[in-house]
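Containing mmCIF, C-alpha atoms: data.cif.
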```cif
data_work
#
loop_
_atom_site.label_atom_id
_atom_site.label_comp_id
_atom_site.auth_asym_id
_atom_site.auth_seq_id
_atom_site.Cartn_x
_atom_site.Cartn_y
_atom_site.Cartn_z
CA MET U 211 -30.72 -39.52 -10.99
CA LYS U 212 -29.18 -37.64 -8.08
CA ILE U 213 -30.54 -38.32 -4.60
CA ARG U 214 -31.08 -35.15 -2.58
CA THR U 215 -33.20 -36.27 0.34
CA HIS U 216 -33.19 -34.22 3.53
CA PHE U 217 -31.41 -37.03 5.30
CA PHE U 218 -28.58 -36.92 2.75
CA ARG U 219 -28.25 -33.17 3.11
CA SER U 220 -28.10 -33.46 6.87
CA PHE U 221 -25.48 -36.19 6.62
CA ILE U 222 -23.29 -34.04 4.33
CA MET U 223 -23.62 -31.02 6.64
CA ILE U 224 -22.79 -33.07 9.74
CA THR U 225 -19.70 -34.48 8.01
CA MET U 226 -18.48 -31.02 6.98
CA VAL U 227 -19.06 -29.62 10.47
CA ILE U 228 -17.09 -32.50 12.02
CA ILE U 229 -14.19 -31.98 9.59
CA LEU U 230 -14.05 -28.25 10.30
CA ALA U 231 -14.38 -28.84 14.02
CA LEU U 232 -11.40 -31.20 13.97
CA SER U 233 -9.36 -28.74 11.90
CA VAL U 234 -9.87 -25.76 14.26
CA SER U 235 -10.40 -27.47 17.63
CA SER U 236 -6.69 -27.26 18.48
CA THR U 237 -6.52 -23.50 17.93
CA GLY U 238 -9.23 -22.42 20.32
CA SER U 239 -12.46 -20.42 20.07
CA ALA U 240 -13.03 -17.53 17.67
CA THR U 241 -12.75 -15.04 20.55
CA GLU U 242 -9.38 -16.43 21.65
CA LEU U 243 -8.12 -16.44 18.07
CA GLU U 244 -9.22 -12.84 17.56
CA LYS U 245 -7.39 -11.82 20.76
CA LYS U 246 -4.29 -13.62 19.51
CA ALA U 247 -4.57 -11.88 16.12
CA SER U 248 -4.90 -8.49 17.85
CA SER U 249 -1.81 -9.20 19.95
CA LEU U 250 0.14 -10.27 16.85
CA ASN U 251 -0.90 -7.08 15.04
CA ASN U 252 0.40 -5.04 17.98
CA GLN U 253 3.71 -6.94 17.92
CA LEU U 254 3.96 -6.39 14.18
CA SER U 255 3.40 -2.63 14.58
CA THR U 256 6.08 -2.45 17.31
CA LEU U 257 8.62 -4.40 15.24
CA GLU U 258 7.96 -2.28 12.17
CA ALA U 259 8.47 0.88 14.23
CA GLU U 260 11.76 -0.51 15.59
CA LEU U 261 12.85 -1.45 12.06
CA SER U 262 12.04 2.05 10.81
CA GLU U 263 14.06 3.59 13.66
CA ALA U 264 17.02 1.26 12.98
CA THR U 265 16.89 2.13 9.27
CA THR U 266 16.94 5.85 10.09
CA LYS U 267 19.94 5.38 12.40
CA MET U 268 21.64 3.34 9.70
CA GLN U 269 21.23 6.19 7.23
CA GLU U 270 22.48 8.75 9.76
CA THR U 271 25.52 6.59 10.54
CA ALA U 272 26.32 6.19 6.86
CA ALA U 273 26.18 9.98 6.39
CA GLU U 274 28.40 10.46 9.45
CA ILE U 275 30.90 7.94 8.08
CA GLU U 276 31.11 9.89 4.83
CA SER U 277 31.69 13.09 6.81
CA GLN U 278 34.41 11.39 8.87
CA LYS U 279 36.10 10.21 5.71
CA ALA U 280 36.38 13.83 4.57
CA SER U 281 37.78 14.88 7.98
CA LEU U 282 40.22 11.97 7.92
CA SER U 283 41.41 12.94 4.46
CA GLU U 284 41.85 16.56 5.55
CA ALA U 285 43.77 15.58 8.70
CA GLU U 286 46.00 13.30 6.64
CA ALA U 287 46.76 16.14 4.19
CA THR U 288 47.54 18.60 7.03
CA LYS U 289 49.78 16.09 8.76
CA GLN U 290 51.61 15.38 5.54
CA LYS U 291 52.11 19.10 4.84
CA GLN U 292 53.47 19.72 8.31
CA TYR U 293 55.77 16.77 7.94
CA GLU U 294 57.08 18.07 4.61
CA ASP U 295 57.67 21.57 6.07
CA MET U 296 59.59 20.12 8.97
CA LYS U 297 61.76 18.07 6.59
CA LEU U 298 62.61 21.23 4.65
CA ARG U 299 63.76 23.04 7.77
CA ILE U 300 65.81 20.05 8.95
CA ARG U 301 67.41 19.72 5.52
CA TYR U 302 68.20 23.46 5.53
CA MET U 303 69.91 23.19 8.89
CA TYR U 304 71.74 20.06 7.83
CA GLU U 305 72.96 21.62 4.56
CA ASN U 306 74.17 24.80 6.27
CA GLY U 307 75.57 22.82 9.16
CA PRO U 308 75.84 23.82 12.81
CA HIS U 309 78.46 26.51 11.90
CA ALA U 310 75.83 28.69 10.25
CA MET U 311 73.72 28.70 13.39
CA LEU U 312 76.82 29.22 15.50
CA GLU U 313 77.97 32.12 13.34
CA THR U 314 74.53 33.68 13.64
CA ILE U 315 74.72 33.46 17.40
CA VAL U 316 78.38 34.64 17.61
CA GLU U 317 77.81 37.55 15.27
CA SER U 318 74.94 38.79 17.35
CA ASN U 319 75.76 42.38 18.61
CA SER U 320 74.44 41.84 22.11
CA LEU U 321 73.63 39.31 24.70
CA ALA U 322 69.95 39.89 24.11
CA ALA U 323 70.33 39.14 20.40
CA ILE U 324 72.25 35.96 21.19
CA GLN U 325 69.51 34.84 23.56
CA THR U 326 66.86 35.70 20.99
CA ASN U 327 68.54 33.72 18.22
CA VAL U 328 69.04 30.70 20.47
CA GLU U 329 65.39 30.83 21.58
CA TYR U 330 64.29 31.22 17.97
CA ALA U 331 66.14 28.09 16.91
CA GLN U 332 64.64 26.17 19.84
CA ALA U 333 61.16 27.51 19.08
CA ILE U 334 61.32 26.31 15.48
CA THR U 335 62.30 22.82 16.58
CA GLU U 336 59.64 22.67 19.30
CA TYR U 337 56.99 24.03 16.94
CA ASP U 338 57.68 21.38 14.37
CA HIS U 339 57.58 18.66 17.01
CA ASN U 340 54.39 19.96 18.66
CA MET U 341 52.54 20.48 15.40
CA LEU U 342 53.44 17.00 14.23
CA GLU U 343 52.21 15.49 17.50
CA LYS U 344 49.05 17.57 17.37
CA TYR U 345 48.13 16.50 13.86
CA LYS U 346 49.03 12.94 14.74
CA GLU U 347 46.54 13.04 17.63
CA ILE U 348 43.85 14.55 15.39
CA TYR U 349 44.45 11.88 12.76
CA GLU U 350 44.27 9.06 15.31
CA GLU U 351 41.12 10.55 16.83
CA VAL U 352 39.40 10.74 13.43
CA LEU U 353 40.55 7.20 12.63
CA THR U 354 39.16 5.90 15.93
CA LYS U 355 35.84 7.68 15.31
CA ASP U 356 35.63 6.12 11.84
CA GLU U 357 36.22 2.65 13.28
CA GLU U 358 33.49 3.25 15.88
CA LEU U 359 31.06 4.32 13.18
CA GLN U 360 31.90 1.27 11.09
CA THR U 361 31.24 -0.96 14.12
CA LYS U 362 27.94 0.86 14.78
CA ARG U 363 26.87 0.36 11.17
CA SER U 364 27.61 -3.38 11.43
CA GLU U 365 25.55 -3.61 14.64
CA LEU U 366 22.64 -1.76 13.02
CA ALA U 367 22.82 -4.09 10.00
CA LEU U 368 22.55 -7.10 12.33
CA LEU U 369 19.61 -5.43 14.13
CA GLN U 370 17.86 -4.86 10.80
CA THR U 371 18.28 -8.52 9.85
CA SER U 372 16.98 -9.65 13.25
CA LEU U 373 13.92 -7.37 13.03
CA ASP U 374 13.21 -8.53 9.47
CA ASN U 375 13.24 -12.17 10.62
CA LYS U 376 10.96 -11.38 13.58
CA ILE U 377 8.50 -9.52 11.32
CA LYS U 378 8.38 -12.46 8.89
CA SER U 379 7.75 -14.86 11.77
CA VAL U 380 4.94 -12.72 13.23
CA GLU U 381 3.38 -12.25 9.77
CA LYS U 382 3.40 -16.03 9.23
CA THR U 383 1.76 -16.66 12.62
CA LEU U 384 -0.78 -13.89 11.96
CA ALA U 385 -1.71 -15.41 8.58
CA SER U 386 -2.19 -18.81 10.23
CA THR U 387 -4.36 -17.25 12.97
CA ASN U 388 -6.51 -15.35 10.46
CA SER U 389 -7.00 -18.61 8.53
CA ALA U 390 -8.12 -20.35 11.74
CA ILE U 391 -10.57 -17.50 12.44
CA GLU U 392 -12.05 -17.90 8.95
CA GLN U 393 -12.39 -21.66 9.45
CA GLU U 394 -14.16 -21.05 12.77
CA LYS U 395 -16.62 -18.73 11.02
CA GLN U 396 -17.25 -21.36 8.32
CA LYS U 397 -17.83 -23.95 11.01
CA LYS U 398 -20.47 -21.75 12.67
CA ALA U 399 -22.15 -21.08 9.32
CA LEU U 400 -22.32 -24.84 8.64
CA GLU U 401 -23.73 -25.44 12.11
CA GLU U 402 -26.51 -22.95 11.31
CA GLU U 403 -27.19 -24.75 8.02
CA LEU U 404 -27.28 -28.05 9.90
CA LYS U 405 -29.87 -26.70 12.35
CA LYS U 406 -32.02 -25.50 9.45
CA ALA U 407 -31.70 -28.89 7.73
CA GLN U 408 -32.69 -30.70 10.91
CA GLN U 409 -35.71 -28.43 11.35
CA LEU U 410 -36.65 -29.03 7.71
CA ALA U 411 -36.34 -32.81 8.17
CA GLN U 412 -38.60 -32.64 11.22
CA VAL U 413 -41.20 -30.64 9.30
CA SER U 414 -41.04 -32.87 6.23
CA SER U 415 -41.00 -36.32 7.91
CA PRO U 416 -43.93 -37.56 10.06
CA SER U 417 -42.90 -38.50 13.56
CA VAL U 418 -43.00 -42.05 14.92
CA SER U 419 -45.92 -41.20 17.18
CA GLN U 420 -47.90 -39.90 14.19
CA LYS U 421 -47.26 -43.15 12.30
CA GLU U 422 -48.34 -45.18 15.32
CA GLU U 423 -51.51 -43.13 15.67
CA SER U 424 -52.20 -43.70 11.97
CA LYS U 425 -51.79 -47.46 12.44
CA LYS U 426 -54.12 -47.43 15.46
CA GLU U 427 -56.82 -45.68 13.47
CA GLU U 428 -56.77 -48.35 10.69
CA PRO U 429 -59.04 -51.34 11.58
CA THR U 430 -57.57 -54.81 11.12
CA LYS U 431 -59.21 -57.49 8.95
CA SER U 432 -60.20 -59.50 12.01
CA GLU U 433 -61.98 -56.52 13.48
CA GLU U 434 -63.81 -55.93 10.21
CA GLN U 435 -64.87 -59.59 10.04
CA ASN U 436 -66.02 -59.60 13.66
CA ASN U 437 -68.16 -56.61 12.91
CA ASN U 438 -69.42 -58.24 9.72
CA ILE U 439 -68.13 -55.33 7.77
CA GLN U 440 -66.78 -55.92 4.35
CA PRO U 441 -63.38 -54.26 3.93
CA THR U 442 -63.40 -51.32 1.61
CA PRO U 443 -61.35 -52.03 -1.49
CA GLN U 444 -58.32 -49.79 -1.80
CA PRO U 445 -58.40 -47.61 -4.88
CA THR U 446 -55.61 -47.96 -7.39
CA PRO U 447 -53.23 -45.02 -6.88
CA THR U 448 -53.13 -42.62 -9.75
CA PRO U 449 -49.78 -41.35 -10.94
CA GLU U 450 -48.78 -37.90 -9.85
CA PRO U 451 -49.56 -35.28 -12.48
CA THR U 452 -46.66 -33.78 -14.36
CA PRO U 453 -46.24 -30.01 -13.73
CA THR U 454 -47.55 -27.90 -16.54
CA PRO U 455 -44.82 -25.81 -18.17
CA VAL U 456 -45.45 -22.12 -18.89
CA GLN U 457 -44.24 -19.69 -21.51
CA PRO U 458 -40.89 -18.13 -20.54
CA GLU U 459 -40.84 -14.43 -19.73
CA GLU U 460 -38.08 -11.96 -20.59
CA ASN U 461 -35.05 -12.15 -18.24
CA GLY U 462 -36.69 -14.88 -16.16
CA SER U 463 -39.08 -12.46 -14.39
CA SER U 464 -42.33 -14.03 -13.21
CA GLY U 465 -44.31 -10.88 -13.96
CA SER U 466 -45.30 -10.47 -10.29
CA SER U 467 -43.56 -9.66 -7.03
CA ALA U 468 -42.24 -12.43 -4.81
CA LEU U 469 -44.79 -14.00 -2.47
CA TYR U 470 -42.01 -15.50 -0.37
CA SER U 471 -38.51 -14.23 0.36
CA LEU U 472 -35.60 -16.66 0.50
CA ALA U 473 -35.49 -16.31 4.30
CA GLN U 474 -39.20 -17.23 4.56
CA PHE U 475 -38.68 -20.12 2.14
CA MET U 476 -35.75 -21.49 4.20
CA ARG U 477 -37.70 -21.17 7.46
CA ALA U 478 -40.72 -22.99 6.02
CA GLY U 479 -38.65 -25.60 4.19
CA ARG U 480 -41.61 -26.57 2.00
CA ILE U 481 -44.07 -24.29 0.19
CA ASN U 482 -47.24 -25.45 -1.62
CA TRP U 483 -48.29 -22.99 -4.30
CA ASN U 484 -50.45 -23.14 -7.42
CA GLY U 485 -50.56 -26.94 -7.34
CA TYR U 486 -46.77 -27.33 -6.92
CA THR U 487 -44.63 -28.27 -3.94
CA PHE U 488 -41.38 -26.30 -3.69
CA THR U 489 -38.37 -27.36 -1.58
CA TYR U 490 -34.78 -26.17 -1.77
CA TYR U 491 -31.19 -27.43 -1.78
CA SER U 492 -27.98 -25.42 -1.34
CA GLN U 493 -24.89 -25.27 -3.57
CA SER U 494 -22.74 -24.86 -0.45
CA VAL U 495 -23.69 -28.49 0.35
CA LEU U 496 -24.12 -29.85 -3.20
CA PRO U 497 -21.86 -27.77 -5.48
CA GLY U 498 -23.31 -29.30 -8.68
CA GLY U 499 -20.17 -28.84 -10.74
CA ALA U 500 -21.48 -31.09 -13.53
CA LEU U 501 -24.68 -29.08 -14.10
CA GLN U 502 -24.87 -27.36 -17.49
CA ILE U 503 -26.12 -23.90 -16.43
CA PRO U 504 -25.05 -21.19 -18.89
CA GLY U 505 -24.04 -17.95 -17.17
CA ARG U 506 -24.43 -19.56 -13.74
CA HIS U 507 -24.42 -17.10 -10.83
CA VAL U 508 -26.19 -16.32 -7.54
CA ASN U 509 -28.67 -13.49 -8.05
CA ALA U 510 -29.37 -10.61 -5.65
CA ASP U 511 -32.04 -12.62 -3.75
CA GLY U 512 -29.78 -15.64 -3.19
CA TYR U 513 -31.02 -18.04 -5.90
CA VAL U 514 -28.69 -19.87 -8.30
CA SER U 515 -29.62 -18.47 -11.72
CA ASP U 516 -28.60 -18.81 -15.35
CA GLY U 517 -27.39 -15.96 -17.54
CA SER U 518 -30.99 -15.11 -18.61
CA GLY U 519 -32.21 -14.68 -15.03
CA TYR U 520 -34.14 -17.99 -14.65
CA ILE U 521 -33.65 -19.59 -11.26
CA CYS U 522 -32.42 -23.20 -11.45
CA LEU U 523 -34.90 -26.01 -10.67
CA ALA U 524 -34.64 -29.77 -10.24
CA GLY U 525 -37.60 -31.82 -11.50
CA SER U 526 -38.72 -34.70 -13.69
CA ALA U 527 -39.76 -32.58 -16.71
CA PRO U 528 -37.47 -32.23 -19.76
CA MET U 529 -34.39 -30.09 -19.30
CA GLY U 530 -35.10 -26.42 -20.06
CA THR U 531 -38.80 -26.56 -19.10
CA VAL U 532 -39.90 -23.22 -17.58
CA TYR U 533 -42.29 -22.81 -14.60
CA ASP U 534 -43.74 -19.92 -12.63
CA THR U 535 -42.63 -19.74 -8.99
CA PRO U 536 -43.79 -17.70 -5.97
CA PHE U 537 -40.28 -16.26 -5.53
CA GLY U 538 -40.40 -13.42 -8.05
CA TYR U 539 -38.66 -15.34 -10.87
CA GLN U 540 -39.50 -17.99 -13.39
CA GLY U 541 -37.56 -21.22 -12.95
CA LYS U 542 -35.98 -23.53 -15.52
CA ILE U 543 -35.23 -27.27 -15.18
CA TYR U 544 -31.46 -27.91 -15.04
CA ASP U 545 -31.30 -30.86 -12.61
CA ARG U 546 -33.03 -34.09 -11.52
CA GLY U 547 -34.05 -35.48 -8.16
CA THR U 548 -37.81 -34.94 -7.78
CA SER U 549 -40.94 -36.17 -9.57
CA GLY U 550 -44.41 -35.00 -10.43
CA ASN U 551 -45.43 -31.60 -9.09
CA HIS U 552 -42.45 -31.49 -6.72
CA LEU U 553 -39.83 -28.89 -7.76
CA ASP U 554 -36.51 -28.38 -5.96
CA VAL U 555 -35.05 -24.81 -6.02
CA TYR U 556 -31.25 -24.36 -6.13
CA ILE U 557 -30.11 -21.64 -3.68
CA ARG U 558 -26.78 -20.11 -2.60
#
```
Can you dump the structure from the file as structure tokens?
Amino acid sequence: MKIRTHFFRSFIMITMVIILALSVSSTGSATELEKKASSLNNQLSTLEAELSEATTKMQETAAEIESQKASLSEAEATKQKQYEDMKLRIRYMYENGPHAMLETIVESNSLAAIQTNVEYAQAITEYDHNMLEKYKEIYEEVLTKDEELQTKRSELALLQTSLDNKIKSVEKTLASTNSAIEQEKQKKALEEELKKAQQLAQVSSPSVSQKEESKKEEPTKSEEQNNNIQPTPQPTPTPEPTPTPVQPEENGSSGSSALYSLAQFMRAGRINWNGYTFTYYSQSVLPGGALQIPGRHVNADGYVSDGSGYICLAGSAPMGTVYDTPFGYQGKIYDRGTSGNHLDVYIR
């Protein structure tokens, strides 16, 4: 038989609160953690924006490199053509020798013609030289630009890698912070459950002063003898009656609306109704993994129910016995831990 006294529940809750408190105490309060999470989200947004900008620049640089490759190829072709043309002219002059040029100059009919032919020969030579130098400069300029773009692309690639690493680091820290926030919330929820359990224990257990008052009211044997009063014989205690089972209704409905909501039940801690005493225990404290509850779930009102809609009860009657309850549902015995007309209700 499982023991689910209020003291045991309180002990379990206190233990869980202490464990959670130790696990999150080093990270700070929920407010501080939420501020940290907000700051990390801002950092993440900034880094993602920087990464997007770097990616765009990377794409632009790649397109520019492709364009430069075309320009470089064109400059190379032009330079090569000019070089080939110049070789043809040099070979022509070499094959005809200097006499051909000299004859052309000598056979000129006038001084002006001589001067023109000489200037023409010089112009051809200078043109070839200038054009070759010009295309050489263009080629070197395009080559330099291509090298600069390649360097820029390498720098952007390094920036992308750095931003990726920073984003992963911030995401990891953010996940850890969000986990700490969730633990802090669970800790507060358990603290609330602990307060309720303590209040329930105070309501259920008579105080020391009440016990002392009860003792004071009972006369001792010596007092009875002094007063010549025969002590009243104590009656033999009768066993507690076993709760009377009822016929099950369809889908576990009690046939009437709830007299008590779960919130009212938890505030009261103990409800006496129709000759029964109802208390509750929570699956968040006692998970009850070994209980055989077909279709187990938590219904809309917060009670642990089976697949047919019966709320789960703990009692001394045979398993599967059905009872009416004041909570809007019929209950069915699936657990032990109480006796007589005392029924324990399993809640969320």
| field | Output check: residues returned by the PyMOL selection byres ((chain U and resi 257) around 12), as a list in words | value |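 This file, filtered by the PyMOL selection byres ((chain U and resi 257) around 12), leaves Leu250, Asn251, Asn252, Gln253, Leu254, Ser255, Thr256, Glu258, Ala259, Glu260, Leu261, Ser262, Glu263, Ala264, Leu369, Gln370, Thr371, Ser372, Leu373, Asp374, Asn375, Lys376, Ile377, Lys378, Ser379, Val380 and Glu381 of chain U.
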| query | What does the distance from CA of Asp356 in chain U to CA of Lys279 in chain U come to in Å, to one decimal? | reply |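 It comes out at 7.4 Å.
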| request: One decimal, Å: what's the distance from CA of Arg477 in chain U over to CA of Ala524 in chain U, could you say? | output: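 Calculated distance between CA of Arg477 in chain U and CA of Ala524 in chain U is 19.9 Å.
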| remark: note - CA of Gln408 in chain U and CA of Tyr533 in chain U are separated by 28.4 Å
| field | Residue nearest Glu350 in chain U - candidates U:Leu368, U:Leu298, U:Ala322, U:Leu282, atoms counted: only C-alpha atoms | value |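 Using only C-alpha atoms, the shortest distance to Glu350 in chain U belongs to U:Leu282.
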| Which residues match the PyMOL selection byres ((chain U and resi 478) around 10) in the file above, as a VMD selection string? | chain U and resid 406 409 to 410 413 to 414 470 472 to 477 479 to 481 489
| field | Spatial neighbours of Ser389 in chain U, max dist 10 Å, only C-alpha atoms, sep filter under 5 positions, as a VMD selection string | value | chain U and resid 234 243 383 to 384 394 to 395
| request: Tell me, as a ChimeraX atom specification, which residues lie within 6 Å of range 284-286 of chain U, counting all atoms listed in the file; anything in the same chain fewer than 3 positions away does not count. | output: /U:281,289,349
| query | Can you list, as a ChimeraX atom specification, the residues that the PyMOL selection byres ((chain U and resi 525-528) around 7) selects here? | reply | /U:523-524,529-531,543,545-550,552-554
| request: Mind checking which residues fall within 9 Å of Leu359 in chain U, counting all atoms listed in the file, ignoring those fewer than 6 positions away in the same chain, and posting them as a list in words? | output: Thr271, Ala272, Glu274, Ile275 and Gln278 of chain U
Got time to write the residues from that selection, C-alpha atoms, as a compact mmCIF listing (two decimals), in the coordinates of the input?
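Produced file part_12.txt, reproduced below:
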```txt
# COMPACT_ATOMS: atom_id res chain seq x y z
CA THR U 271 25.52 6.59 10.54
CA ALA U 272 26.32 6.19 6.86
CA GLU U 274 28.40 10.46 9.45
CA ILE U 275 30.90 7.94 8.08
CA GLN U 278 34.41 11.39 8.87
```
| request: Please check which residues have atoms at most 12 Å from (-31.3, -22.7, -10.5) in the file's coordinates, counting all atoms listed in the file, and write them as a PyMOL selection string. | output: chain U and resi 462+490-493+497-498+501-509+512-525+529-530+532-533+535+539-546+553-558
| message | So, with all atoms listed in the file as the atoms that count, which of U:Thr354, U:Ser494, U:Ser467, U:Thr326 lies closest to Asp534 in chain U? | response |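 Counting all atoms listed in the file, the residue closest to Asp534 in chain U is U:Ser467.
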